[in-house]
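entry-v4.cif (mmCIF, C-alpha atoms) appears below.
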```
data_protein
loop_
_atom_site.label_atom_id
_atom_site.label_comp_id
_atom_site.auth_asym_id
_atom_site.auth_seq_id
_atom_site.Cartn_x
_atom_site.Cartn_y
_atom_site.Cartn_z
CA MET A 316 18.09 -32.23 39.65
CA THR A 317 19.93 -32.08 36.36
CA HIS A 318 19.58 -29.51 33.61
CA ARG A 319 21.75 -31.26 31.05
CA ILE A 320 20.08 -31.77 27.71
CA SER A 321 21.52 -35.26 27.53
CA GLY A 322 19.47 -36.07 30.60
CA VAL A 323 16.50 -36.79 28.37
CA SER A 324 17.95 -40.10 27.29
CA ARG A 325 20.75 -40.74 29.79
CA VAL A 326 20.34 -43.62 32.22
CA SER A 327 22.70 -43.61 35.20
CA ARG A 328 24.12 -46.71 36.79
CA SER A 329 22.34 -45.90 40.01
CA SER A 330 18.95 -46.03 38.28
CA ARG A 331 19.34 -49.57 37.02
CA ARG A 332 17.47 -50.90 40.01
CA THR A 333 14.38 -49.03 38.88
CA ARG A 334 14.70 -49.76 35.18
CA VAL A 335 11.56 -51.37 33.92
CA VAL A 336 11.10 -52.96 30.54
CA ALA A 337 7.56 -54.19 30.05
CA ALA A 338 7.37 -57.87 29.30
CA GLY A 339 4.76 -60.55 29.15
CA ILE A 340 2.15 -58.41 27.38
CA GLY A 341 1.50 -61.15 24.86
CA ALA A 342 1.55 -64.86 25.59
CA GLY A 343 4.50 -65.37 23.28
CA MET A 344 6.58 -62.89 25.29
CA ALA A 345 6.12 -64.83 28.51
CA VAL A 346 7.56 -68.03 27.15
CA SER A 347 10.83 -69.16 28.73
CA SER A 348 14.04 -69.07 26.76
CA ALA A 349 13.92 -72.84 26.44
CA ALA A 350 10.45 -72.79 24.97
CA THR A 351 11.21 -70.02 22.50
CA ALA A 352 13.66 -72.32 20.77
CA PHE A 353 10.60 -74.13 19.38
CA ALA A 354 8.84 -70.97 18.18
CA PRO A 355 8.08 -70.79 14.45
CA ALA A 356 10.85 -69.15 12.48
CA ALA A 357 8.34 -66.79 10.85
CA ALA A 358 6.90 -65.48 14.13
CA ALA A 359 6.28 -61.72 14.15
CA ALA A 360 8.70 -59.52 16.07
CA PRO A 361 7.36 -58.46 19.48
CA THR A 362 5.76 -55.03 19.72
CA PRO A 363 8.09 -52.46 21.36
CA GLN A 364 7.20 -51.92 25.00
CA VAL A 365 7.44 -48.95 27.33
CA SER A 366 10.80 -48.60 29.07
CA CYS A 367 10.98 -46.39 32.17
CA THR A 368 13.71 -45.41 34.63
CA SER A 369 13.52 -43.24 37.74
CA LYS A 370 15.48 -42.18 40.81
CA GLN A 371 12.23 -42.30 42.80
CA ALA A 372 11.51 -45.77 44.13
CA GLY A 373 8.51 -47.44 42.53
CA LEU A 374 7.74 -44.65 40.06
CA ALA A 375 9.23 -46.31 36.97
CA GLU A 376 7.27 -49.50 37.60
CA LYS A 377 4.02 -47.58 38.11
CA LEU A 378 4.45 -45.47 34.98
CA GLN A 379 5.34 -48.46 32.84
CA LYS A 380 2.32 -50.38 34.07
CA ASP A 381 -0.13 -47.50 33.67
CA ILE A 382 1.09 -46.35 30.23
CA THR A 383 0.96 -49.94 28.99
CA ALA A 384 -2.58 -50.30 30.33
CA ALA A 385 -3.65 -47.03 28.68
CA LEU A 386 -2.43 -48.34 25.32
CA SER A 387 -3.45 -51.98 25.69
CA LYS A 388 -6.56 -51.79 23.52
CA ARG A 389 -5.61 -48.89 21.23
CA LYS A 390 -5.19 -49.30 17.48
CA GLY A 391 -2.46 -47.70 15.42
CA THR A 392 1.19 -46.95 16.18
CA VAL A 393 1.97 -44.88 19.27
CA ALA A 394 5.30 -43.42 20.41
CA VAL A 395 5.76 -41.90 23.87
CA GLY A 396 8.43 -39.83 25.55
CA LEU A 397 8.53 -38.53 29.13
CA TYR A 398 11.23 -36.74 31.08
CA ASP A 399 10.82 -35.43 34.64
CA ARG A 400 13.79 -33.46 35.97
CA VAL A 401 12.61 -33.53 39.58
CA THR A 402 12.60 -37.33 39.93
CA GLY A 403 15.10 -38.11 37.17
CA THR A 404 12.41 -40.11 35.41
CA THR A 405 12.30 -41.10 31.74
CA CYS A 406 9.84 -43.24 29.79
CA THR A 407 10.24 -44.18 26.14
CA LEU A 408 8.19 -46.14 23.64
CA ARG A 409 9.26 -46.26 19.97
CA GLY A 410 11.61 -43.35 20.55
CA ASP A 411 13.23 -43.67 17.11
CA THR A 412 10.10 -44.30 15.00
CA ALA A 413 9.51 -41.59 12.37
CA PHE A 414 6.18 -39.80 11.91
CA ASP A 415 4.93 -37.03 9.61
CA SER A 416 5.10 -33.97 11.84
CA ALA A 417 1.89 -32.12 10.90
CA SER A 418 1.68 -28.87 12.91
CA VAL A 419 3.95 -30.04 15.73
CA VAL A 420 6.90 -28.91 13.58
CA LYS A 421 5.87 -25.29 14.12
CA VAL A 422 7.74 -25.24 17.43
CA THR A 423 10.89 -26.30 15.57
CA VAL A 424 10.34 -23.54 13.00
CA LEU A 425 10.15 -20.90 15.74
CA ALA A 426 13.19 -22.32 17.53
CA ALA A 427 15.14 -22.25 14.25
CA LEU A 428 14.12 -18.62 13.68
CA LEU A 429 15.30 -17.63 17.15
CA TYR A 430 18.53 -19.60 16.76
CA ASP A 431 19.29 -17.82 13.50
CA ALA A 432 18.50 -14.43 15.04
CA LYS A 433 20.87 -15.20 17.91
CA LYS A 434 23.69 -15.97 15.45
CA LYS A 435 23.13 -12.56 13.87
CA ASN A 436 22.84 -10.88 17.28
CA ARG A 437 19.44 -9.39 16.52
CA TYR A 438 15.90 -9.35 17.87
CA LEU A 439 12.91 -10.61 15.92
CA THR A 440 11.26 -7.95 13.79
CA ASP A 441 7.65 -6.87 14.42
CA ARG A 442 6.68 -8.83 11.30
CA GLU A 443 8.41 -12.00 12.54
CA THR A 444 6.82 -11.63 15.97
CA LYS A 445 3.37 -11.36 14.42
CA LEU A 446 3.98 -14.42 12.25
CA ALA A 447 5.41 -16.45 15.15
CA THR A 448 2.48 -15.60 17.41
CA ALA A 449 -0.07 -16.69 14.81
CA MET A 450 1.92 -19.84 13.99
CA ILE A 451 2.03 -21.11 17.58
CA THR A 452 -1.10 -19.77 19.28
CA LYS A 453 -3.48 -20.35 16.36
CA SER A 454 -1.45 -22.90 14.37
CA ASP A 455 -1.65 -20.57 11.36
CA ASN A 456 -0.32 -22.30 8.25
CA ALA A 457 0.29 -19.21 6.12
CA SER A 458 2.54 -17.75 8.82
CA THR A 459 4.41 -21.04 9.08
CA SER A 460 4.96 -21.22 5.32
CA THR A 461 6.26 -17.64 5.28
CA LEU A 462 8.78 -18.31 8.05
CA TRP A 463 9.77 -21.69 6.59
CA LYS A 464 10.57 -20.09 3.23
CA GLN A 465 12.36 -17.19 4.89
CA LEU A 466 14.63 -19.56 6.78
CA GLY A 467 15.19 -22.06 4.00
CA LEU A 468 16.47 -25.59 4.50
CA THR A 469 20.05 -24.52 5.19
CA LYS A 470 19.12 -22.52 8.30
CA ILE A 471 16.57 -25.07 9.47
CA LYS A 472 19.13 -27.84 9.20
CA ALA A 473 21.71 -25.67 10.99
CA PHE A 474 19.38 -25.45 13.97
CA LEU A 475 18.64 -29.18 13.91
CA THR A 476 22.37 -29.89 13.94
CA ALA A 477 22.99 -27.53 16.86
CA ALA A 478 20.04 -29.06 18.75
CA LYS A 479 21.30 -32.59 18.03
CA MET A 480 17.92 -33.39 16.49
CA THR A 481 19.61 -35.75 14.03
CA GLN A 482 16.50 -37.83 13.31
CA THR A 483 14.40 -34.87 12.14
CA LYS A 484 14.22 -34.57 8.34
CA PRO A 485 12.65 -31.35 6.96
CA GLY A 486 9.80 -31.82 4.51
CA ALA A 487 10.74 -31.35 0.85
CA ASP A 488 9.26 -28.74 -1.53
CA ASN A 489 8.10 -26.54 1.38
CA TYR A 490 5.75 -29.24 2.69
CA TRP A 491 6.86 -28.57 6.26
CA GLY A 492 3.97 -30.71 7.60
CA LEU A 493 5.67 -33.78 6.14
CA THR A 494 8.85 -33.21 8.14
CA GLN A 495 9.90 -36.51 9.71
CA ILE A 496 10.05 -36.35 13.50
CA THR A 497 10.69 -38.80 16.34
CA VAL A 498 9.93 -38.85 20.05
CA ARG A 499 13.66 -38.70 20.78
CA ASP A 500 14.12 -35.47 18.85
CA GLU A 501 10.92 -33.83 20.10
CA GLN A 502 12.00 -34.54 23.67
CA ARG A 503 15.39 -32.99 22.89
CA LEU A 504 13.64 -29.87 21.61
CA LEU A 505 11.45 -29.65 24.72
CA ALA A 506 14.55 -30.09 26.87
CA LEU A 507 16.17 -27.12 25.11
CA LEU A 508 13.09 -25.03 25.81
CA THR A 509 12.99 -25.89 29.51
CA ALA A 510 16.62 -25.68 30.66
CA LYS A 511 19.51 -23.29 30.12
CA ASN A 512 21.67 -24.24 27.13
CA SER A 513 24.00 -22.84 24.49
CA VAL A 514 21.60 -23.28 21.55
CA LEU A 515 18.74 -20.99 22.58
CA THR A 516 19.04 -17.91 24.78
CA ASP A 517 17.01 -17.66 27.98
CA ASN A 518 14.88 -14.96 26.34
CA ALA A 519 14.27 -17.17 23.31
CA ARG A 520 13.23 -20.12 25.47
CA ALA A 521 10.88 -17.95 27.50
CA TYR A 522 9.35 -16.54 24.33
CA VAL A 523 8.56 -19.95 22.83
CA LEU A 524 7.05 -21.18 26.09
CA LYS A 525 4.99 -18.02 26.46
CA LEU A 526 3.39 -18.63 23.07
CA MET A 527 2.85 -22.34 23.79
CA ASN A 528 1.05 -21.27 26.96
CA LYS A 529 -1.28 -19.02 24.96
CA VAL A 530 -2.53 -21.60 22.46
CA VAL A 531 -6.22 -21.03 21.77
CA ALA A 532 -8.65 -23.09 23.85
CA GLY A 533 -9.73 -25.40 21.01
CA GLN A 534 -6.13 -26.49 20.48
CA ARG A 535 -5.28 -27.14 24.15
CA TRP A 536 -5.96 -30.87 23.96
CA GLY A 537 -3.58 -33.84 24.05
CA THR A 538 -0.73 -33.91 26.54
CA PRO A 539 -2.34 -31.34 28.91
CA ALA A 540 -5.22 -33.77 29.63
CA GLY A 541 -5.25 -34.49 33.35
CA ALA A 542 -2.52 -31.96 34.17
CA PRO A 543 -2.77 -30.71 37.76
CA SER A 544 -3.75 -27.09 38.30
CA THR A 545 -0.42 -26.58 40.10
CA VAL A 546 1.57 -26.67 36.83
CA LYS A 547 1.77 -24.19 33.95
CA VAL A 548 0.93 -25.83 30.63
CA HIS A 549 2.75 -25.26 27.32
CA VAL A 550 1.46 -27.28 24.37
CA LYS A 551 1.57 -27.68 20.59
CA ASN A 552 -0.46 -30.24 18.68
CA GLY A 553 -0.88 -31.42 15.12
CA TRP A 554 -2.92 -33.73 12.96
CA LEU A 555 -2.89 -34.91 9.37
CA SER A 556 -4.74 -37.55 7.36
CA ARG A 557 -3.24 -39.27 4.32
CA ALA A 558 -3.86 -42.39 2.26
CA THR A 559 -1.15 -44.29 4.13
CA HIS A 560 -1.13 -44.61 7.95
CA GLY A 561 -4.53 -42.90 8.21
CA TRP A 562 -4.65 -40.10 10.75
CA ARG A 563 -1.45 -38.82 12.31
CA VAL A 564 -2.30 -37.11 15.63
CA HIS A 565 0.47 -35.67 17.83
CA SER A 566 0.93 -33.62 20.99
CA VAL A 567 3.98 -32.20 22.77
CA GLY A 568 3.87 -30.37 26.09
CA THR A 569 5.93 -29.03 28.97
CA PHE A 570 4.64 -28.72 32.53
CA VAL A 571 6.31 -26.72 35.29
CA GLY A 572 5.25 -25.41 38.70
CA GLY A 573 4.44 -26.65 42.17
CA GLY A 574 7.84 -28.30 42.36
CA ARG A 575 7.32 -30.16 39.07
CA ASP A 576 9.26 -29.89 35.79
CA TYR A 577 8.47 -32.43 33.07
CA THR A 578 7.93 -32.85 29.32
CA ILE A 579 5.67 -35.24 27.39
CA THR A 580 5.62 -36.20 23.71
CA VAL A 581 3.04 -38.54 22.19
CA LEU A 582 3.13 -39.22 18.44
CA THR A 583 0.60 -41.48 16.69
CA HIS A 584 -0.45 -42.70 13.27
CA GLY A 585 -2.70 -45.43 11.93
CA ASN A 586 -5.69 -43.89 13.74
CA PRO A 587 -9.11 -44.56 12.10
CA ASP A 588 -10.11 -40.93 12.68
CA MET A 589 -8.91 -37.74 14.33
CA GLN A 590 -10.83 -38.10 17.59
CA TYR A 591 -9.51 -41.64 18.08
CA GLY A 592 -5.94 -40.33 18.01
CA VAL A 593 -6.80 -37.51 20.41
CA ASN A 594 -8.34 -40.01 22.82
CA THR A 595 -5.26 -42.24 22.66
CA ILE A 596 -2.93 -39.35 23.47
CA GLN A 597 -5.11 -38.09 26.29
CA GLY A 598 -5.36 -41.55 27.81
CA VAL A 599 -1.58 -41.71 28.04
CA ALA A 600 -1.28 -38.12 29.31
CA LYS A 601 -3.80 -38.65 32.11
CA VAL A 602 -1.93 -41.57 33.66
CA ILE A 603 1.43 -39.78 33.40
CA HIS A 604 0.11 -36.68 35.18
CA LYS A 605 -1.59 -38.86 37.80
CA ASP A 606 1.57 -40.85 38.53
CA LEU A 607 3.93 -37.85 38.58
CA VAL A 608 1.60 -35.62 40.59
CA PRO A 609 -0.65 -37.75 42.83
CA VAL A 610 -3.50 -35.66 44.20
CA ALA A 611 -4.41 -36.17 47.82
CA LYS A 612 -7.91 -35.38 49.04
CA SER A 613 -8.56 -32.46 51.35
CA ALA A 614 -10.29 -32.72 54.71
CA SER A 615 -13.64 -32.24 52.96
CA GLY A 616 -12.97 -35.23 50.74
CA SER A 617 -12.51 -33.25 47.51
CA PRO A 618 -9.25 -33.31 45.51
CA SER A 619 -6.62 -30.83 46.75
CA VAL A 620 -5.93 -29.72 43.15
CA GLN A 621 -7.98 -29.87 39.98
CA ARG A 622 -7.14 -31.83 36.82
CA TYR A 623 -7.30 -30.15 33.43
CA VAL A 624 -10.17 -31.33 31.22
CA PRO A 625 -9.57 -30.48 27.52
CA THR A 626 -12.26 -29.39 25.10
CA ASP A 627 -14.50 -32.13 23.71
CA GLN A 628 -14.27 -30.41 20.31
CA PRO A 629 -10.53 -30.40 19.57
CA GLN A 630 -9.32 -28.22 16.72
CA GLU A 631 -6.17 -27.94 14.63
CA ALA A 632 -5.10 -26.40 11.33
CA THR A 633 -5.39 -28.21 8.01
CA VAL A 634 -1.82 -29.01 6.98
CA PRO A 635 -0.94 -28.57 3.28
CA VAL A 636 0.30 -31.76 1.61
CA PRO A 637 0.77 -32.88 -2.02
CA GLU A 638 -2.51 -33.77 -3.75
CA SER A 639 -1.34 -37.35 -4.15
CA GLY A 640 -1.40 -37.71 -0.37
CA ALA A 641 -5.22 -37.64 -0.16
CA GLY A 642 -7.11 -35.49 2.31
CA SER A 643 -5.58 -33.69 5.26
CA GLY A 644 -7.14 -32.26 8.35
#
```

For this file, produce the structure as structure tokens.
Amino acid sequence: MTHRISGVSRVSRSSRRTRVVAAGIGAGMAVSSAATAFAPAAAAAPTPQVSCTSKQAGLAEKLQKDITAALSKRKGTVAVGLYDRVTGTTCTLRGDTAFDSASVVKVTVLAALLYDAKKKNRYLTDRETKLATAMITKSDNASTSTLWKQLGLTKIKAFLTAAKMTQTKPGADNYWGLTQITVRDEQRLLALLTAKNSVLTDNARAYVLKLMNKVVAGQRWGTPAGAPSTVKVHVKNGWLSRATHGWRVHSVGTFVGGGRDYTITVLTHGNPDMQYGVNTIQGVAKVIHKDLVPVAKSASGSPSVQRYVPTDQPQEATVPVPESGAGSG
């Protein structure tokens, strides 16, 4: 098991045997190299495919196949990140594609606040604790705006630099919901929260995860879908609708317990409505949980552990955006 932050994206030589890059999804991708020489010059570039690696034999292939199947008939643009410390498994799809963050950025805001407090060798004030709790557990926008303005772009960027979240671009004019995020950077943030490091103290990491574990029931959808009852769930979601790219719907989560330790990020846009994006994320999450934590049946024939079933009425906060961006939700 490795606790290095770089482990989120590192691929060792020994794992090359289990590296899987999906191919042959479309007919054009199955054509031999000789045949592709006759392809039209204006042919569209192939859609990025899921790439998985693992130290556990057969797991990378299974995850790649099942994630691809879960997304095979879904509209919009989907990016996926998975890292499992126990099996040394990673999966990535569109890891560098940028999305408007919506409320997912609230975890970054709290991490930046804790990082700044650490630099000044101080604890959070009662006021900051109240704001942080509302921001994460209820996705409260007013609390987020207050902390965002308190920190300012200089301190937020200082945290992003320390965290090596180089692809994350803070939203301008205090529109924190328009911060540009990627799967790669969100997975780096989740890695910081789930393993000892020099950026966030152990107490800070535990505090963020405690709040992510106490998210109100209506907002516990997305990546927790299908999670086994043997793991503790920490989640933060977000959604936003604008004139371009339709609905952005995102979910990040960490799952630990029962010998498991993994993180999942799913970012989407181009969804026709909010529920469609939620369903896409949960379809991916269910197959990941199933593959990482297979559930054997007991002697009575019932599953040995239960799978988490999210609310069928998912909620999130309305994210403030410029009026020119059309409606948000």

TODO: I need the residue set behind the PyMOL selection byres ((chain A and resi 397) around 8) for this file; please write it as a PyMOL selection string.
DONE: chain A and resi 395-396+398-399+404-407+502+577-580

Open item on the list: Show me, as a list in words, the residues that have an atom within 12 Å of A:Ala487 when counting all atoms listed in the file, minus same-chain residues fewer than 4 positions from it.
Closed with: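 Within the cut-off, the hits are Asp415, Trp463, Lys464, Gly467, Leu468, Trp491, Gly492, Leu493, Thr494, Gln495, Val636 and Pro637 of chain A.
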
Open item on the list: Calculated over all atoms listed in the file, which of the candidates A:Leu555, A:Ala385, A:Ala477, A:Val550 has the smallest distance to A:Pro635?
Closed with: A:Leu555

Task: Protein/DNA/RNA residues near (4.9, -26.0, 35.5), cut 12 Å, all atoms listed in the file, as an MDAnalysis selection string - done: chainID A and resid 399:401 509 524 528 539 542:550 568:578 604 608

When you look at A:Ala478 with a cut-off of 8 Å (counting all atoms listed in the file), what residues show up, excluding the ones that are within fewer than 3 positions of it in the same chain? I need them as a short mmCIF file (atom, residue, chain, number, x, y, z; two decimals) with C-alpha atoms, keeping the file's coordinate frame.
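Saved to out29.cif:
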```cif
data_model
loop_
_atom_site.label_atom_id
_atom_site.label_comp_id
_atom_site.auth_asym_id
_atom_site.auth_seq_id
_atom_site.Cartn_x
_atom_site.Cartn_y
_atom_site.Cartn_z
CA PHE A 474 19.38 -25.45 13.97
CA LEU A 475 18.64 -29.18 13.91
CA ARG A 503 15.39 -32.99 22.89
CA LEU A 504 13.64 -29.87 21.61
CA LEU A 507 16.17 -27.12 25.11
CA VAL A 514 21.60 -23.28 21.55
#
```

TODO: May I ask which of the residues A:Val420, A:Ile382, A:Ala427, A:Ile451 is the closest one to A:Ile471, counting all atoms listed in the file?
DONE: A:Ala427

Open item on the list: Which residue is closest to A:Ala447? Choose from A:Ala394, A:Lys525, A:Asn489, A:Val620 and count all atoms listed in the file.
Closed with: A:Lys525

- [ ] Would you mind reading off the distance between atom CA of A:Ala510 and atom CA of A:Gln379, one decimal, in Å?
- [x]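 Computing it gives 25.5 Å between the two atoms.
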
- [ ] Check the smallest atom-to-atom distance from each of A:Gln621, A:Leu429, A:Lys380, A:Leu607 to A:Asp517 using all atoms listed in the file, then report the winner.
- [x]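 So, comparing all the options, the nearest one is A:Leu429.
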
Task: Nearest to A:Asn586 by atom-to-atom distance, counting all atoms listed in the file, from A:Ser556, A:Thr633, A:Asn518, A:Ser458 - done: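 Answer, going by the shortest atom-to-atom distance: A:Ser556.
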
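Of the residues under consideration (A:His560, A:Lys551, A:His584, A:Lys370), A:Lys551 shows the shortest atom-to-atom contact distance to A:Thr423 when counting all atoms listed in the file.
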
Open item on the list: From (8.2, -47.1, 37.7), in the file's coordinates, out to 9 Å: which residues are reached, counting only C-alpha atoms? Answer as a PyMOL selection string.
Closed with: chain A and resi 333-335+367-369+371-380+404+406

Task: Point-to-point distance from atom CA of A:Ala473 to atom CA of A:Arg437, Å rounded to tenths - done: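 About the pair atom CA of A:Ala473 and atom CA of A:Arg437: they are 17.3 Å apart.
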
Task: atom CA of A:Asp606 to atom CA of A:Ala417, distance in Å rounded to a single decimal - done: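 Atom CA of A:Ala417 lies 29.0 Å from atom CA of A:Asp606.
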
TODO: Identify all residues satisfying the PyMOL selection byres ((chain A and resi 626) around 8) in the given file; provide them as a list in words.
DONE: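 For this structure, the PyMOL selection byres ((chain A and resi 626) around 8) captures Ala532, Gly533, Arg535, Trp536, Val624, Pro625, Asp627, Gln628 and Pro629 of chain A.
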
Filtering to C-alpha atoms, could you give me those residues as a PDB file, in the coordinates of the input?
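What landed in selection-v1.pdb:
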```pdb
ATOM      1  CA  ALA A 532      -8.650 -23.090  23.850  1.00  0.00           C
ATOM      2  CA  GLY A 533      -9.730 -25.400  21.010  1.00  0.00           C
ATOM      3  CA  ARG A 535      -5.280 -27.140  24.150  1.00  0.00           C
ATOM      4  CA  TRP A 536      -5.960 -30.870  23.960  1.00  0.00           C
ATOM      5  CA  VAL A 624     -10.170 -31.330  31.220  1.00  0.00           C
ATOM      6  CA  PRO A 625      -9.570 -30.480  27.520  1.00  0.00           C
ATOM      7  CA  ASP A 627     -14.500 -32.130  23.710  1.00  0.00           C
ATOM      8  CA  GLN A 628     -14.270 -30.410  20.310  1.00  0.00           C
ATOM      9  CA  PRO A 629     -10.530 -30.400  19.570  1.00  0.00           C
TER      10      PRO A 629
END
```
